[in-house]
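What follows is a set of notes on a single structure, which appears directly below.
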Amino acid sequence: MTTEYHDNVDEGMSNFWNKEPRTVDFSRFSRYRRWLFPALTATLLLILIIALGASNTSTWNRLWSAEKSVSNLTESLRDTQQLTKDTAKEVLSMKFALENSKDQLASGGNSAEQHCKHIDTSTTAHGCCPLNWDSFGTNCYLFSTTPLSWHDARDWCNGHESHLVILLTDEEWDFVIQRSAGSLRWVGLTDERTGQWEWVNQTPYIMNRRRWKPGQPDAWTHHGLGPGDEDCAHLHSDGRLNDLHCSSKMRFICQRHTMKN
């Protein structure tokens with residue numbers, strides 16, 4: 001008797017093996033992929049921005065440090081220039097003091113009368129003048145050989161018991177013009193203090209166009225010598241007045257009273 005064996009596969013197992021494969025849901029993956037690229041891009045941009053920010057901060061720090069160094073260097077240079085100017089003024093002042101003390105050294109400290117010289121008998125009656133000064137009337141005149149600015153010339157005269165020349169008479173004008181020998185020389189005339197022309201002793205100046213060059217004074221401002229216009233007067237080569245910026249350097253004339261014999 002032949003026994004037949006049959007594989008009895010129950011219905012549940014049959015359904016398991018015969019079930020169709022589950023379909024993969026690609027729509028969710030597509031959504032992830034759609035957001036993945038922008039996210040990566042945004043991340044890279046953020047990293048790039050951070051890197052550039054750090055680089056710019058370093059660059060700005062270096063620029064700020066360089067600017068500060070330049071500023072410090074400029075300030076140091078300015079201080080050095082000012083010190084040089086001050087030193088030059090002191091040297092110039094010492095030079096004048098040395099040059100104009102020669103007569104005192106030669107005199108051996110004697111009285112002021114030993115510093116006098118007499119041009120002729122007509123001047124003797126009015127007194128005498130220090131060495132290197134010219135006598136005219138009751139005044140002594142020094143015609144400098146070294147150029148200075150108007151203010152330095154004023155201070156130099158004041159330091160030597162005199163002042164920049166004040167010309168009140170035609171005779172004084174003629175003497176000074178003749179003695180100046182066609183050179184440019186500062187005189188004691190300025191409008192710097194009030195805007196009106198006056199002598200260094202603040203005596204008002206009465207305008208006389210005959211004494212000025214044509215068109216002068218013109219208070220010219222395009223001189224390129226710093227702020228301000230032409231506030232100081234000088235004798236021109238023809239003996240007439242001209243206004244000029246006070247910082248200009250030229251020879252000058254000091255004036256003082258004669259000393260008693």
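By order in the structure tokens, chains are A, B, ...; within a chain, residues start at 1; ligands start at 1, following the order shown.
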
Practice item. Show which residues sit within 12 Å of Asp155 in chain A, as a ChimeraX atom specification. Count only C-alpha atoms, and ignore same-chain residues fewer than 5 positions away. Key: /A:93,96,148-150,160-164,188,200,252,254

How would the residues just picked look written out with C-alpha atoms as a PDB file, in the first residue's frame?
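again.pdb written:
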ATOM      1  CA  SER A  93      68.041 135.504  18.690  1.00  0.00           C
ATOM      2  CA  PHE A  96      71.638 138.961  16.964  1.00  0.00           C
ATOM      3  CA  LEU A 148      63.610 139.144   9.775  1.00  0.00           C
ATOM      4  CA  SER A 149      59.826 138.903   9.758  1.00  0.00           C
ATOM      5  CA  TRP A 150      58.000 142.079  10.795  1.00  0.00           C
ATOM      6  CA  HIS A 160      67.545 147.083  22.099  1.00  0.00           C
ATOM      7  CA  GLU A 161      65.808 150.075  23.671  1.00  0.00           C
ATOM      8  CA  SER A 162      64.318 151.184  20.349  1.00  0.00           C
ATOM      9  CA  HIS A 163      61.367 150.540  18.045  1.00  0.00           C
ATOM     10  CA  LEU A 164      60.702 150.060  14.356  1.00  0.00           C
ATOM     11  CA  GLY A 188      56.865 150.506  12.160  1.00  0.00           C
ATOM     12  CA  VAL A 200      54.006 150.700  16.430  1.00  0.00           C
ATOM     13  CA  PHE A 252      64.438 146.660   8.899  1.00  0.00           C
ATOM     14  CA  CYS A 254      65.170 150.656  14.278  1.00  0.00           C
TER      15      CYS A 254
END

Can you write out as JSON lines which residues of range 174-194 of chain A fall within 12 Å of range 255-258 of chain A, alongside each residue's closest atom pair and its distance in Å to one decimal, counting only C-alpha atoms and ordering rows by chain and ascending residue number?
{"residue": "A:Val176", "atom": "CA", "partner": "A:Gln255", "partner_atom": "CA", "distance": 10.6}
{"residue": "A:Trp186", "atom": "CA", "partner": "A:Gln255", "partner_atom": "CA", "distance": 11.9}
{"residue": "A:Val187", "atom": "CA", "partner": "A:Gln255", "partner_atom": "CA", "distance": 9.7}
{"residue": "A:Gly188", "atom": "CA", "partner": "A:Gln255", "partner_atom": "CA", "distance": 9.5}

**Study point:** Members of range 141-238 of chain A assigned alpha helix (DSSP H) by DSSP, as a PyMOL selection string
**Key:** chain A and resi 150-158+170-180

Let's have the selection written as an mmCIF file, in the first residue's frame, with N, CA, C and O atoms.
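Saved file result27.cif follows:
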data_model
loop_
_atom_site.group_PDB
_atom_site.id
_atom_site.type_symbol
_atom_site.label_atom_id
_atom_site.label_comp_id
_atom_site.auth_asym_id
_atom_site.auth_seq_id
_atom_site.Cartn_x
_atom_site.Cartn_y
_atom_site.Cartn_z
ATOM 1 N N TRP A 150 58.340 140.798 10.180
ATOM 2 C CA TRP A 150 58.000 142.079 10.795
ATOM 3 C C TRP A 150 57.940 141.955 12.315
ATOM 4 O O TRP A 150 58.463 142.810 13.040
ATOM 5 N N HIS A 151 57.311 140.896 12.815
ATOM 6 C CA HIS A 151 57.181 140.722 14.259
ATOM 7 C C HIS A 151 58.531 140.501 14.928
ATOM 8 O O HIS A 151 58.797 141.053 16.009
ATOM 9 N N ASP A 152 59.406 139.707 14.307
ATOM 10 C CA ASP A 152 60.730 139.485 14.880
ATOM 11 C C ASP A 152 61.553 140.769 14.850
ATOM 12 O O ASP A 152 62.315 141.047 15.783
ATOM 13 N N ALA A 153 61.396 141.552 13.781
ATOM 14 C CA ALA A 153 62.099 142.829 13.705
ATOM 15 C C ALA A 153 61.611 143.782 14.794
ATOM 16 O O ALA A 153 62.404 144.464 15.454
ATOM 17 N N ARG A 154 60.308 143.828 14.996
ATOM 18 C CA ARG A 154 59.748 144.664 16.066
ATOM 19 C C ARG A 154 60.309 144.260 17.420
ATOM 20 O O ARG A 154 60.727 145.109 18.223
ATOM 21 N N ASP A 155 60.324 142.942 17.692
ATOM 22 C CA ASP A 155 60.810 142.458 18.977
ATOM 23 C C ASP A 155 62.305 142.730 19.142
ATOM 24 O O ASP A 155 62.770 143.037 20.255
ATOM 25 N N TRP A 156 63.051 142.596 18.048
ATOM 26 C CA TRP A 156 64.490 142.864 18.138
ATOM 27 C C TRP A 156 64.741 144.320 18.494
ATOM 28 O O TRP A 156 65.559 144.627 19.372
ATOM 29 N N CYS A 157 64.050 145.232 17.825
ATOM 30 C CA CYS A 157 64.208 146.656 18.135
ATOM 31 C C CYS A 157 63.818 146.940 19.584
ATOM 32 O O CYS A 157 64.532 147.643 20.312
ATOM 33 N N ASN A 158 62.690 146.384 20.024
ATOM 34 C CA ASN A 158 62.245 146.602 21.400
ATOM 35 C C ASN A 158 63.271 146.089 22.405
ATOM 36 O O ASN A 158 63.445 146.669 23.487
ATOM 37 N N ASP A 170 58.870 165.134 6.670
ATOM 38 C CA ASP A 170 59.459 164.917 5.347
ATOM 39 C C ASP A 170 60.970 164.739 5.453
ATOM 40 O O ASP A 170 61.574 163.976 4.683
ATOM 41 N N GLU A 171 61.584 165.450 6.398
ATOM 42 C CA GLU A 171 63.031 165.337 6.574
ATOM 43 C C GLU A 171 63.417 163.924 7.007
ATOM 44 O O GLU A 171 64.410 163.363 6.510
ATOM 45 N N GLU A 172 62.631 163.349 7.898
ATOM 46 C CA GLU A 172 62.905 161.974 8.319
ATOM 47 C C GLU A 172 62.711 160.995 7.173
ATOM 48 O O GLU A 172 63.513 160.058 6.990
ATOM 49 N N TRP A 173 61.668 161.199 6.390
ATOM 50 C CA TRP A 173 61.444 160.355 5.220
ATOM 51 C C TRP A 173 62.636 160.424 4.272
ATOM 52 O O TRP A 173 63.140 159.397 3.814
ATOM 53 N N ASP A 174 63.081 161.632 3.969
ATOM 54 C CA ASP A 174 64.188 161.798 3.017
ATOM 55 C C ASP A 174 65.459 161.133 3.531
ATOM 56 O O ASP A 174 66.177 160.469 2.769
ATOM 57 N N PHE A 175 65.739 161.301 4.843
ATOM 58 C CA PHE A 175 66.941 160.687 5.416
ATOM 59 C C PHE A 175 66.874 159.163 5.316
ATOM 60 O O PHE A 175 67.843 158.515 4.885
ATOM 61 N N VAL A 176 65.772 158.593 5.717
ATOM 62 C CA VAL A 176 65.645 157.130 5.734
ATOM 63 C C VAL A 176 65.676 156.557 4.322
ATOM 64 O O VAL A 176 66.336 155.542 4.061
ATOM 65 N N ILE A 177 64.995 157.217 3.390
ATOM 66 C CA ILE A 177 64.983 156.719 2.005
ATOM 67 C C ILE A 177 66.387 156.754 1.413
ATOM 68 O O ILE A 177 66.830 155.807 0.753
ATOM 69 N N GLN A 178 67.099 157.852 1.657
ATOM 70 C CA GLN A 178 68.455 157.970 1.124
ATOM 71 C C GLN A 178 69.391 156.938 1.749
ATOM 72 O O GLN A 178 70.212 156.331 1.062
ATOM 73 N N ARG A 179 69.229 156.749 3.052
ATOM 74 C CA ARG A 179 70.113 155.817 3.758
ATOM 75 C C ARG A 179 69.791 154.357 3.433
ATOM 76 O O ARG A 179 70.662 153.489 3.515
ATOM 77 N N SER A 180 68.561 154.048 3.053
ATOM 78 C CA SER A 180 68.181 152.662 2.740
ATOM 79 C C SER A 180 68.815 152.171 1.454
ATOM 80 O O SER A 180 68.892 150.949 1.220
#

What's around Glu192 in chain A at 9 Å? Count only C-alpha atoms, leave out sequence neighbours fewer than 6 positions away in its own chain, and write the answer as a PDB file with N, CA, C and O atoms, in the first residue's frame.
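Listing of out.pdb after writing:
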ATOM      1  N   GLU A 198      48.375 152.122  11.703  1.00  0.00           N
ATOM      2  CA  GLU A 198      48.895 152.874  12.843  1.00  0.00           C
ATOM      3  C   GLU A 198      50.367 152.560  13.008  1.00  0.00           C
ATOM      4  O   GLU A 198      50.868 151.540  12.524  1.00  0.00           O
ATOM      5  N   GLU A 230      47.820 141.304   3.948  1.00  0.00           N
ATOM      6  CA  GLU A 230      49.089 142.012   4.091  1.00  0.00           C
ATOM      7  C   GLU A 230      48.922 143.133   5.123  1.00  0.00           C
ATOM      8  O   GLU A 230      48.434 144.212   4.805  1.00  0.00           O
ATOM      9  N   ASP A 231      49.356 142.868   6.351  1.00  0.00           N
ATOM     10  CA  ASP A 231      49.096 143.772   7.464  1.00  0.00           C
ATOM     11  C   ASP A 231      50.289 144.638   7.852  1.00  0.00           C
ATOM     12  O   ASP A 231      50.170 145.438   8.784  1.00  0.00           O
ATOM     13  N   CYS A 232      51.427 144.464   7.213  1.00  0.00           N
ATOM     14  CA  CYS A 232      52.630 145.203   7.617  1.00  0.00           C
ATOM     15  C   CYS A 232      53.201 145.981   6.433  1.00  0.00           C
ATOM     16  O   CYS A 232      53.120 145.539   5.288  1.00  0.00           O
TER      17      CYS A 232
END

Check your understanding: Between CA of Asp238 in chain A and CA of Arg185 in chain A, what is the distance, to one decimal in Å?
Key -> 11.3 Å

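If you measure from each of A:Asn72, A:Thr190, A:Asn201, A:Arg209 to Cys246 in chain A using only C-alpha atoms, the closest one turns out to be A:Thr190.
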
Practice item. Write down as an MDAnalysis selection string the residues belonging to range 124-258 of chain A that are assigned strand (DSSP E) by DSSP computed on the backbone. Key: chainID A and resid 134:136 139:143 163:164 185:190 198:199 232:235 241:244 251:257

Store the residues picked out above in a file with N, CA, C and O atoms, as a compact mmCIF listing (two decimals), in the first residue's frame.
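Here's the written file result-v8.txt:
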# COMPACT_ATOMS: atom_id res chain seq x y z
N ASP A 134 73.13 155.39 13.10
CA ASP A 134 73.28 156.70 12.44
C ASP A 134 72.45 157.74 13.16
O ASP A 134 71.30 157.48 13.55
N SER A 135 73.00 158.92 13.32
CA SER A 135 72.31 160.00 14.01
C SER A 135 71.69 160.95 13.00
O SER A 135 72.30 161.32 11.99
N PHE A 136 70.44 161.32 13.29
CA PHE A 136 69.77 162.34 12.49
C PHE A 136 68.79 163.08 13.39
O PHE A 136 67.88 162.46 13.95
N ASN A 139 67.27 161.72 16.86
CA ASN A 139 67.08 160.27 16.85
C ASN A 139 68.30 159.55 16.31
O ASN A 139 69.13 160.11 15.57
N CYS A 140 68.39 158.29 16.68
CA CYS A 140 69.40 157.37 16.15
C CYS A 140 68.69 156.29 15.33
O CYS A 140 67.59 155.84 15.70
N TYR A 141 69.32 155.85 14.25
CA TYR A 141 68.72 154.87 13.35
C TYR A 141 69.69 153.73 13.10
O TYR A 141 70.87 153.96 12.81
N LEU A 142 69.15 152.52 13.21
CA LEU A 142 69.94 151.34 12.88
C LEU A 142 69.35 150.70 11.64
O LEU A 142 68.17 150.31 11.62
N PHE A 143 70.15 150.56 10.59
CA PHE A 143 69.73 149.91 9.35
C PHE A 143 70.30 148.51 9.35
O PHE A 143 71.50 148.30 9.14
N HIS A 163 62.59 151.04 18.67
CA HIS A 163 61.37 150.54 18.05
C HIS A 163 61.53 150.62 16.54
O HIS A 163 62.44 151.31 16.03
N LEU A 164 60.69 149.91 15.81
CA LEU A 164 60.70 150.06 14.36
C LEU A 164 60.43 151.52 14.01
O LEU A 164 59.63 152.19 14.67
N ARG A 185 62.86 147.42 3.33
CA ARG A 185 63.05 147.46 4.77
C ARG A 185 61.71 147.65 5.48
O ARG A 185 60.89 148.48 5.08
N TRP A 186 61.51 146.86 6.55
CA TRP A 186 60.32 147.02 7.38
C TRP A 186 60.36 148.37 8.10
O TRP A 186 61.41 148.82 8.54
N VAL A 187 59.19 148.99 8.22
CA VAL A 187 59.02 150.18 9.06
C VAL A 187 57.94 149.88 10.09
O VAL A 187 57.24 148.87 10.01
N GLY A 188 57.80 150.76 11.06
CA GLY A 188 56.87 150.51 12.16
C GLY A 188 55.43 150.87 11.86
O GLY A 188 54.80 151.59 12.64
N LEU A 189 54.88 150.36 10.78
CA LEU A 189 53.53 150.69 10.34
C LEU A 189 52.75 149.40 10.09
O LEU A 189 53.22 148.52 9.34
N THR A 190 51.55 149.29 10.69
CA THR A 190 50.77 148.05 10.56
C THR A 190 49.29 148.34 10.78
O THR A 190 48.94 149.31 11.46
N GLU A 198 48.37 152.12 11.70
CA GLU A 198 48.89 152.87 12.84
C GLU A 198 50.37 152.56 13.01
O GLU A 198 50.87 151.54 12.52
N TRP A 199 51.07 153.44 13.71
CA TRP A 199 52.48 153.21 14.00
C TRP A 199 52.60 152.24 15.19
O TRP A 199 51.63 151.98 15.89
N CYS A 232 51.43 144.46 7.21
CA CYS A 232 52.63 145.20 7.62
C CYS A 232 53.20 145.98 6.43
O CYS A 232 53.12 145.54 5.29
N ALA A 233 53.78 147.14 6.73
CA ALA A 233 54.27 148.03 5.68
C ALA A 233 55.80 148.02 5.65
O ALA A 233 56.46 147.88 6.68
N HIS A 234 56.33 148.19 4.44
CA HIS A 234 57.79 148.28 4.28
C HIS A 234 58.11 149.30 3.19
O HIS A 234 57.26 149.64 2.36
N LEU A 235 59.34 149.79 3.24
CA LEU A 235 59.82 150.66 2.18
C LEU A 235 60.25 149.83 0.99
O LEU A 235 61.01 148.86 1.12
N LEU A 241 56.00 153.22 0.12
CA LEU A 241 55.49 152.16 0.98
C LEU A 241 54.74 151.10 0.19
O LEU A 241 54.14 151.38 -0.85
N ASN A 242 54.74 149.89 0.73
CA ASN A 242 53.96 148.78 0.18
C ASN A 242 53.55 147.90 1.36
O ASN A 242 54.29 147.74 2.32
N ASP A 243 52.33 147.34 1.29
CA ASP A 243 51.93 146.41 2.35
C ASP A 243 52.29 145.00 1.94
O ASP A 243 52.26 144.63 0.76
N LEU A 244 52.64 144.18 2.93
CA LEU A 244 53.12 142.83 2.68
C LEU A 244 52.74 141.94 3.87
O LEU A 244 52.48 142.44 4.97
N ARG A 251 65.17 143.20 5.64
CA ARG A 251 65.88 144.06 6.57
C ARG A 251 64.91 145.07 7.17
O ARG A 251 63.79 145.24 6.68
N PHE A 252 65.35 145.77 8.19
CA PHE A 252 64.44 146.66 8.90
C PHE A 252 65.21 147.86 9.44
O PHE A 252 66.45 147.90 9.39
N ILE A 253 64.46 148.82 9.97
CA ILE A 253 65.06 150.05 10.52
C ILE A 253 64.57 150.23 11.94
O ILE A 253 63.36 150.29 12.19
N CYS A 254 65.50 150.32 12.89
CA CYS A 254 65.17 150.66 14.28
C CYS A 254 65.43 152.13 14.54
O CYS A 254 66.30 152.75 13.90
N GLN A 255 64.71 152.68 15.49
CA GLN A 255 64.82 154.11 15.83
C GLN A 255 64.79 154.28 17.35
O GLN A 255 64.05 153.60 18.05
N ARG A 256 65.61 155.20 17.84
CA ARG A 256 65.63 155.52 19.25
C ARG A 256 66.12 156.97 19.40
O ARG A 256 66.68 157.56 18.49
N HIS A 257 65.89 157.53 20.58
CA HIS A 257 66.39 158.89 20.85
C HIS A 257 67.89 158.87 21.07
O HIS A 257 68.47 157.87 21.53

**Study point:** Between CA of Val165 in chain A and CA of Gly224 in chain A - distance in Å to one decimal
**Key:** 27.3 Å

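In this model, the gap between CA of Gly195 in chain A and CA of Thr221 in chain A comes to 14.4 Å.
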
Exercise for review: Could you give me, as a PyMOL selection string, the residues within 12 Å of Asn208 in chain A, counting only C-alpha atoms and dropping anything in the same chain fewer than 6 positions from it?
Suggested key: chain A and resi 168+170+197+214+216-217+240-241

Atoms to include: C-alpha atoms. Write the selected residues as a PDB file, in the first residue's frame.
ATOM      1  CA  LEU A 168      56.524 161.849  10.922  1.00  0.00           C
ATOM      2  CA  ASP A 170      59.459 164.917   5.347  1.00  0.00           C
ATOM      3  CA  TRP A 197      46.953 151.689   9.810  1.00  0.00           C
ATOM      4  CA  PRO A 214      50.263 152.992  -6.893  1.00  0.00           C
ATOM      5  CA  GLN A 216      48.775 150.148  -2.398  1.00  0.00           C
ATOM      6  CA  PRO A 217      47.934 149.161   0.256  1.00  0.00           C
ATOM      7  CA  ARG A 240      57.607 154.312  -1.315  1.00  0.00           C
ATOM      8  CA  LEU A 241      55.490 152.160   0.976  1.00  0.00           C
TER       9      LEU A 241
END
